[in-house]
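Trainee: Quick one: this structure, given as structure tokens, is what I'll be asking you about.
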Amino acid sequence: MAKIYYDADADLKLIRAKKVGIIGYGSQGHAHALNLRGSGVDVQVGLPAASKSRAKALAVGLTVDGVAEVAAWADVIMLLAPDTSQPAIYVEQIAPHLGKGKTLMFAHGFNIRFNTIAPPADVDVSLIAPKGPGHRVRETFEAGAGVPALLAVHHDASGSARALALSYARALGATRAGVLETTFAEETETDLFGEQAVLCGGVSAMVKAAFTTLTDAGYQPEVAYFECMHELKLIVDLMYRGGLNYMRYSVSDTAEYGDYVSGPRVINQDTRAEMGKILAEIRSGEFARKWIAENQAGRPAFEAARHKEREQPIELVGAQLRKMMPFLDPVTIKPGD
């Protein structure tokens with residue numbers, strides 16, 4: 001069984017005795033900064049002078065300075081900029097201020113796993129990766145709960161890297177839900193695979209394919225949207241609460257029977273073979289190399305795909321239907337967002 005840590009396993013005093021710099025103020029950055037401050041930790045946010053996020057952080061009373069200035073001030077530096085931005089930020093603004101006794105932390109192991117960041121030997125390097133988006137990390141903390149997280153130690157120069165990472169996790173609220181110990185490699189590889197095969201890539205492709213199958217057969221797009229997109233949340237909520245068995249318990253016997261006889265036809269041996277190839281590309285570093293190269297080239301394929309996907313028929317139909325359901329608190333993503 002995996003080792004899981006809770007509040008009783010983490011000493012909050014350890015992180016409270018440190019100055020913590022949060023580099024970045026996006027989805028995870030804002031949650032980490034606010035939760036740590038709420039736990040009594042001395043926090044500063046590091047952002048470029050031109051960052052639009054500066055105003056947001058200042059508006060909630062956080063101390064904001066340049067990345068290099070925060071890195072020089074902090075004992076613990078949590079790097080929460082996008083994966084592809086981190087190496088340049090690290091080399092130019094963080095590395096000059098690292099030294100013995102400092103800790104460099106991550107919420108995703110990408111750059112350590114694929115060797116695009118190489119911290120010095122006298123610095124602790126650890127990871128606390130919440131298993132949920134930043135807004136949920138913040139919401140659950142404010143409600144007195146937390147989001148589970150993964151913990152990993154890449155380098156323990158001080159001998160206390162794990163204890164400090166656990167203390168950080170407690171300040172974040174993660175030990176309320178449970179912190180599972182892993183490695184940078186396992187966290188990175190499983191996270192990338194989950195995103196590509198299931199959570200983003202797999203689900204998106206399946207929803208679009210099912211919608212197109214129905215509309216090509218002459219069914220109304222609006223009905224197809226409800227069946228293939230809208231109701232997906234209801235099913236996932238059941239899984240979230242009680243696994244596949246609770247979902248099957250909650251749906252009709254007809255739906256459950258359809259699960260057993262048709263699920264293996266959709267996700268078949270060919271599908272699993274492709275999943276194996278995806279995992280192999282992640283583990284070999286092929287995916288990372290392609291993604292890094294795409295960013296270095298200015299993201300032409302990425303931006304083209306983003307534009308094309310925003311114009312998919314299911315997206316256009318869904319946007320209209322969601323306008324009629326204000327109780328959903330619908331959101332529209334526009335070009336440039």
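Ordering of the structure tokens sets the chain letters (A, B, ...), residue numbers begin anew at 1 in every chain, and ligands are numbered from 1 in the order given.
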Mind checking which residues fall within 12 Å of Ile22 in chain A, counting only C-alpha atoms, ignoring those fewer than 5 positions away in the same chain, and posting them as a PyMOL selection string?
Mentor: chain A and resi 28-37+41-47+57+62-71+73-81+94+104-107+168
Trainee: Could you give me, as a PDB file with all heavy atoms, in the first residue's frame, the residues within 12 Å of range 249-256 of chain A, counting only C-alpha atoms and dropping anything in the same chain fewer than 5 positions from it?
Mentor:
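The result, written out as selection08.pdb:
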```pdb
ATOM      1  N   GLU A 231     -24.796  15.366 -19.872  1.00  0.00           N
ATOM      2  CA  GLU A 231     -25.013  14.352 -18.839  1.00  0.00           C
ATOM      3  C   GLU A 231     -23.716  13.717 -18.341  1.00  0.00           C
ATOM      4  O   GLU A 231     -23.718  13.003 -17.335  1.00  0.00           O
ATOM      5  CB  GLU A 231     -25.963  13.264 -19.362  1.00  0.00           C
ATOM      6  CG  GLU A 231     -27.391  13.750 -19.537  1.00  0.00           C
ATOM      7  CD  GLU A 231     -28.367  12.605 -19.743  1.00  0.00           C
ATOM      8  OE1 GLU A 231     -28.201  11.553 -19.107  1.00  0.00           O
ATOM      9  OE2 GLU A 231     -29.292  12.774 -20.575  1.00  0.00           O
ATOM     10  N   LEU A 234     -22.972  14.433 -14.715  1.00  0.00           N
ATOM     11  CA  LEU A 234     -23.791  13.692 -13.758  1.00  0.00           C
ATOM     12  C   LEU A 234     -23.195  12.311 -13.495  1.00  0.00           C
ATOM     13  O   LEU A 234     -23.174  11.829 -12.355  1.00  0.00           O
ATOM     14  CB  LEU A 234     -25.227  13.567 -14.283  1.00  0.00           C
ATOM     15  CG  LEU A 234     -25.887  14.881 -14.723  1.00  0.00           C
ATOM     16  CD1 LEU A 234     -27.307  14.616 -15.221  1.00  0.00           C
ATOM     17  CD2 LEU A 234     -25.900  15.894 -13.589  1.00  0.00           C
ATOM     18  N   ILE A 235     -22.721  11.676 -14.544  1.00  0.00           N
ATOM     19  CA  ILE A 235     -22.109  10.357 -14.406  1.00  0.00           C
ATOM     20  C   ILE A 235     -20.786  10.438 -13.662  1.00  0.00           C
ATOM     21  O   ILE A 235     -20.496   9.632 -12.764  1.00  0.00           O
ATOM     22  CB  ILE A 235     -21.915   9.717 -15.792  1.00  0.00           C
ATOM     23  CG1 ILE A 235     -23.284   9.484 -16.466  1.00  0.00           C
ATOM     24  CG2 ILE A 235     -21.136   8.411 -15.692  1.00  0.00           C
ATOM     25  CD1 ILE A 235     -24.208   8.549 -15.703  1.00  0.00           C
ATOM     26  N   VAL A 236     -19.960  11.424 -14.020  1.00  0.00           N
ATOM     27  CA  VAL A 236     -18.661  11.582 -13.354  1.00  0.00           C
ATOM     28  C   VAL A 236     -18.846  11.908 -11.869  1.00  0.00           C
ATOM     29  O   VAL A 236     -18.089  11.425 -11.026  1.00  0.00           O
ATOM     30  CB  VAL A 236     -17.822  12.665 -14.058  1.00  0.00           C
ATOM     31  CG1 VAL A 236     -16.573  12.996 -13.249  1.00  0.00           C
ATOM     32  CG2 VAL A 236     -17.417  12.194 -15.459  1.00  0.00           C
ATOM     33  N   ASP A 237     -19.857  12.696 -11.540  1.00  0.00           N
ATOM     34  CA  ASP A 237     -20.114  13.000 -10.128  1.00  0.00           C
ATOM     35  C   ASP A 237     -20.408  11.726  -9.333  1.00  0.00           C
ATOM     36  O   ASP A 237     -19.980  11.593  -8.182  1.00  0.00           O
ATOM     37  CB  ASP A 237     -21.297  13.963  -9.997  1.00  0.00           C
ATOM     38  CG  ASP A 237     -20.913  15.400 -10.331  1.00  0.00           C
ATOM     39  OD1 ASP A 237     -19.698  15.686 -10.445  1.00  0.00           O
ATOM     40  OD2 ASP A 237     -21.828  16.237 -10.476  1.00  0.00           O
ATOM     41  N   LEU A 238     -21.141  10.794  -9.936  1.00  0.00           N
ATOM     42  CA  LEU A 238     -21.426   9.528  -9.266  1.00  0.00           C
ATOM     43  C   LEU A 238     -20.146   8.718  -9.073  1.00  0.00           C
ATOM     44  O   LEU A 238     -19.911   8.136  -8.009  1.00  0.00           O
ATOM     45  CB  LEU A 238     -22.449   8.727 -10.076  1.00  0.00           C
ATOM     46  CG  LEU A 238     -23.848   9.341 -10.193  1.00  0.00           C
ATOM     47  CD1 LEU A 238     -24.689   8.543 -11.190  1.00  0.00           C
ATOM     48  CD2 LEU A 238     -24.545   9.398  -8.837  1.00  0.00           C
ATOM     49  N   MET A 239     -19.305   8.672 -10.102  1.00  0.00           N
ATOM     50  CA  MET A 239     -18.023   7.971  -9.988  1.00  0.00           C
ATOM     51  C   MET A 239     -17.154   8.602  -8.908  1.00  0.00           C
ATOM     52  O   MET A 239     -16.489   7.902  -8.139  1.00  0.00           O
ATOM     53  CB  MET A 239     -17.276   8.022 -11.329  1.00  0.00           C
ATOM     54  CG  MET A 239     -17.934   7.278 -12.467  1.00  0.00           C
ATOM     55  SD  MET A 239     -16.893   7.467 -13.948  1.00  0.00           S
ATOM     56  CE  MET A 239     -17.912   6.687 -15.185  1.00  0.00           C
ATOM     57  N   ARG A 241     -17.988  10.092  -6.245  1.00  0.00           N
ATOM     58  CA  ARG A 241     -18.456   9.797  -4.891  1.00  0.00           C
ATOM     59  C   ARG A 241     -18.290   8.334  -4.510  1.00  0.00           C
ATOM     60  O   ARG A 241     -17.972   8.018  -3.362  1.00  0.00           O
ATOM     61  CB  ARG A 241     -19.929  10.184  -4.745  1.00  0.00           C
ATOM     62  CG  ARG A 241     -20.200  11.679  -4.756  1.00  0.00           C
ATOM     63  CD  ARG A 241     -21.632  11.960  -4.379  1.00  0.00           C
ATOM     64  NE  ARG A 241     -21.918  11.476  -3.030  1.00  0.00           N
ATOM     65  CZ  ARG A 241     -23.139  11.154  -2.594  1.00  0.00           C
ATOM     66  NH1 ARG A 241     -24.185  11.234  -3.404  1.00  0.00           N
ATOM     67  NH2 ARG A 241     -23.316  10.734  -1.364  1.00  0.00           N
ATOM     68  N   GLY A 242     -18.497   7.425  -5.468  1.00  0.00           N
ATOM     69  CA  GLY A 242     -18.508   6.022  -5.078  1.00  0.00           C
ATOM     70  C   GLY A 242     -17.920   5.046  -6.082  1.00  0.00           C
ATOM     71  O   GLY A 242     -18.200   3.840  -5.994  1.00  0.00           O
ATOM     72  N   GLY A 243     -17.128   5.562  -7.037  1.00  0.00           N
ATOM     73  CA  GLY A 243     -16.505   4.678  -8.005  1.00  0.00           C
ATOM     74  C   GLY A 243     -17.468   4.187  -9.071  1.00  0.00           C
ATOM     75  O   GLY A 243     -18.628   4.605  -9.137  1.00  0.00           O
ATOM     76  N   LEU A 244     -16.989   3.284  -9.909  1.00  0.00           N
ATOM     77  CA  LEU A 244     -17.823   2.754 -10.988  1.00  0.00           C
ATOM     78  C   LEU A 244     -19.026   2.000 -10.441  1.00  0.00           C
ATOM     79  O   LEU A 244     -20.125   2.052 -11.016  1.00  0.00           O
ATOM     80  CB  LEU A 244     -16.990   1.832 -11.881  1.00  0.00           C
ATOM     81  CG  LEU A 244     -15.826   2.495 -12.637  1.00  0.00           C
ATOM     82  CD1 LEU A 244     -15.023   1.433 -13.383  1.00  0.00           C
ATOM     83  CD2 LEU A 244     -16.330   3.553 -13.607  1.00  0.00           C
ATOM     84  N   VAL A 261     -21.936  -4.299 -22.157  1.00  0.00           N
ATOM     85  CA  VAL A 261     -21.838  -4.892 -23.490  1.00  0.00           C
ATOM     86  C   VAL A 261     -21.213  -3.959 -24.530  1.00  0.00           C
ATOM     87  O   VAL A 261     -20.624  -4.431 -25.508  1.00  0.00           O
ATOM     88  CB  VAL A 261     -23.218  -5.377 -23.999  1.00  0.00           C
ATOM     89  CG1 VAL A 261     -23.787  -6.434 -23.062  1.00  0.00           C
ATOM     90  CG2 VAL A 261     -24.196  -4.213 -24.162  1.00  0.00           C
ATOM     91  N   SER A 262     -21.319  -2.642 -24.320  1.00  0.00           N
ATOM     92  CA  SER A 262     -20.828  -1.709 -25.341  1.00  0.00           C
ATOM     93  C   SER A 262     -19.525  -1.014 -24.970  1.00  0.00           C
ATOM     94  O   SER A 262     -18.761  -0.631 -25.862  1.00  0.00           O
ATOM     95  CB  SER A 262     -21.894  -0.653 -25.648  1.00  0.00           C
ATOM     96  OG  SER A 262     -23.051  -1.265 -26.183  1.00  0.00           O
ATOM     97  N   GLY A 263     -19.271  -0.845 -23.664  1.00  0.00           N
ATOM     98  CA  GLY A 263     -18.024  -0.208 -23.254  1.00  0.00           C
ATOM     99  C   GLY A 263     -16.796  -0.870 -23.852  1.00  0.00           C
ATOM    100  O   GLY A 263     -15.923  -0.197 -24.438  1.00  0.00           O
TER     101      GLY A 263
END
```
Trainee: Quick one: everything within 7 Å of Val179 in chain A, counting only C-alpha atoms, minus sequence neighbours fewer than 5 positions away in the same chain. Send it as a ChimeraX atom specification.
Mentor: /A:4-6,148-151,174
Trainee: Write out as a tab-separated table (two decimals) with N, CA and C atoms, in the first residue's frame which residues come within 12 Å of Ala118 in chain A when counting only C-alpha atoms, dropping same-chain ones fewer than 3 positions away.
Mentor:
```tsv
chain	number	residue	atom	x	y	z
A	86	GLN	N	9.17	27.54	-17.27
A	86	GLN	CA	9.97	27.38	-16.06
A	86	GLN	C	11.49	27.38	-16.29
A	87	PRO	N	12.02	26.66	-17.31
A	87	PRO	CA	13.48	26.61	-17.45
A	87	PRO	C	14.13	27.99	-17.57
A	88	ALA	N	13.55	28.87	-18.41
A	88	ALA	CA	14.13	30.20	-18.59
A	88	ALA	C	14.01	31.02	-17.31
A	90	TYR	N	13.90	29.85	-14.31
A	90	TYR	CA	14.83	29.27	-13.35
A	90	TYR	C	16.26	29.77	-13.60
A	91	VAL	N	16.72	29.64	-14.84
A	91	VAL	CA	18.11	29.99	-15.16
A	91	VAL	C	18.37	31.48	-14.95
A	94	ILE	N	16.04	32.59	-10.85
A	94	ILE	CA	16.02	31.82	-9.61
A	94	ILE	C	17.37	31.23	-9.26
A	95	ALA	N	18.01	30.58	-10.22
A	95	ALA	CA	19.29	29.91	-9.97
A	95	ALA	C	20.34	30.81	-9.31
A	98	LEU	N	19.85	30.69	-5.50
A	98	LEU	CA	19.78	29.43	-4.78
A	98	LEU	C	21.10	29.15	-4.07
A	104	LEU	N	13.80	24.27	-3.28
A	104	LEU	CA	13.10	24.54	-4.54
A	104	LEU	C	11.98	23.52	-4.66
A	110	PHE	N	7.55	17.84	-14.29
A	110	PHE	CA	7.94	17.83	-15.70
A	110	PHE	C	9.40	18.21	-15.92
A	111	ASN	N	9.82	19.35	-15.39
A	111	ASN	CA	11.16	19.86	-15.71
A	111	ASN	C	12.28	19.13	-14.98
A	112	ILE	N	11.99	18.55	-13.83
A	112	ILE	CA	12.98	17.71	-13.16
A	112	ILE	C	13.05	16.35	-13.88
A	113	ARG	N	11.90	15.78	-14.20
A	113	ARG	CA	11.86	14.47	-14.85
A	113	ARG	C	12.58	14.49	-16.20
A	114	PHE	N	12.41	15.58	-16.96
A	114	PHE	CA	13.00	15.63	-18.30
A	114	PHE	C	14.27	16.48	-18.36
A	115	ASN	N	14.83	16.76	-17.19
A	115	ASN	CA	16.17	17.36	-17.07
A	115	ASN	C	16.31	18.71	-17.73
A	121	ALA	N	23.47	20.79	-6.03
A	121	ALA	CA	23.42	19.64	-5.11
A	121	ALA	C	23.13	20.03	-3.67
A	122	ASP	N	23.38	21.29	-3.29
A	122	ASP	CA	23.19	21.68	-1.89
A	122	ASP	C	21.80	22.26	-1.61
A	123	VAL	N	20.88	22.09	-2.57
A	123	VAL	CA	19.51	22.60	-2.43
A	123	VAL	C	18.53	21.44	-2.35
A	124	ASP	N	17.59	21.50	-1.40
A	124	ASP	CA	16.51	20.52	-1.34
A	124	ASP	C	15.56	20.74	-2.52
A	125	VAL	N	15.12	19.66	-3.14
A	125	VAL	CA	14.17	19.74	-4.26
A	125	VAL	C	13.02	18.79	-3.97
A	154	HIS	N	13.12	14.89	-4.65
A	154	HIS	CA	14.14	14.61	-5.68
A	154	HIS	C	15.54	14.68	-5.09
A	155	HIS	N	15.74	15.63	-4.17
A	155	HIS	CA	17.05	15.77	-3.56
A	155	HIS	C	16.90	16.26	-2.13
```
Trainee: DSSP on the backbone, then: every residue of range 101-256 of chain A marked strand (DSSP E), written as number ranges by chain.
Mentor: A: 103-106, 124-130, 149-155, 179-181
Trainee: Please identify all polymer residues within 8 Å of Glu222 in chain A, counting only C-alpha atoms, omitting same-chain residues fewer than 4 positions from it, and present them as a ChimeraX atom specification.
Mentor: /A:226,317-318,321
Trainee: Residues of the last selection are to be written out with C-alpha atoms, as a JSON list (two decimals), in the first residue's frame.
Mentor:
```
[["chain", "number", "residue", "atom", "x", "y", "z"],
["A", 226, "PHE", "CA", -27.40, 16.65, -23.91],
["A", 317, "VAL", "CA", -24.43, 24.17, -30.04],
["A", 318, "GLY", "CA", -23.40, 23.88, -26.40],
["A", 321, "LEU", "CA", -27.84, 25.76, -24.87]]
```
Trainee: Between CA of Ala319 in chain A and CA of Ile333 in chain A, what is the distance in Å, rounded to a tenth?
Mentor: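 Those two atoms sit 9.7 Å apart.
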Trainee: List every residue of range 106-166 of chain A that DSSP, applied to the backbone of this structure, assigns to alpha helix (DSSP H), and report them as a list in words.
Mentor: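 Result set for range 106-166 of chain A (alpha helix (DSSP H)): Phe110, Asn111, Ile112, Arg113, Gly134, His135, Arg136, Val137, Arg138, Glu139, Thr140, Phe141, Glu142, Ala161, Arg162, Ala163, Leu164, Ala165 and Leu166 of chain A.
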Trainee: Expressed in Å to a single decimal, how great is the separation between CA of Val331 in chain A and CA of Thr215 in chain A?
Mentor: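 A separation of 24.4 Å between them.
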Trainee: State, in Å with one decimal place, the distance from CA of Ser204 in chain A to CA of Gln312 in chain A.
Mentor: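 Here the two named atoms are 11.3 Å from each other.
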Trainee: Using only C-alpha atoms, which of the listed residues (A:Ala143, A:Gly173, A:Ala224, A:Ser167) sits closest to Ile15 in chain A?
Mentor: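 With only C-alpha atoms as the atom set, the closest residue is A:Ser167.
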Trainee: Identify, on the basis of only C-alpha atoms, every residue whose closest approach to Tyr225 in chain A does not exceed 10 Å; exclude the query and any residue fewer than 2 positions from it along the same chain; express the result as a PyMOL selection string.
Mentor: chain A and resi 207-208+210-212+214-215+220-223+227-231+313-315+317-318+321
Trainee: Considering only C-alpha atoms, can you say which of A:His108, A:Arg138, A:Arg54, A:His97 comes closest to Ala171 in chain A?
Mentor: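 Checking each of A:His108, A:Arg138, A:Arg54, A:His97 against Ala171 in chain A, counting only C-alpha atoms, the winner is A:Arg138.
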Trainee: Applying 10 Å and only C-alpha atoms, which residues near range 288-303 of chain A remain after dropping the ones on its own chain fewer than 5 positions away? List them as number ranges by chain.
Mentor: A: 83-85, 110-111, 113-114, 116, 192, 281-283, 308-309
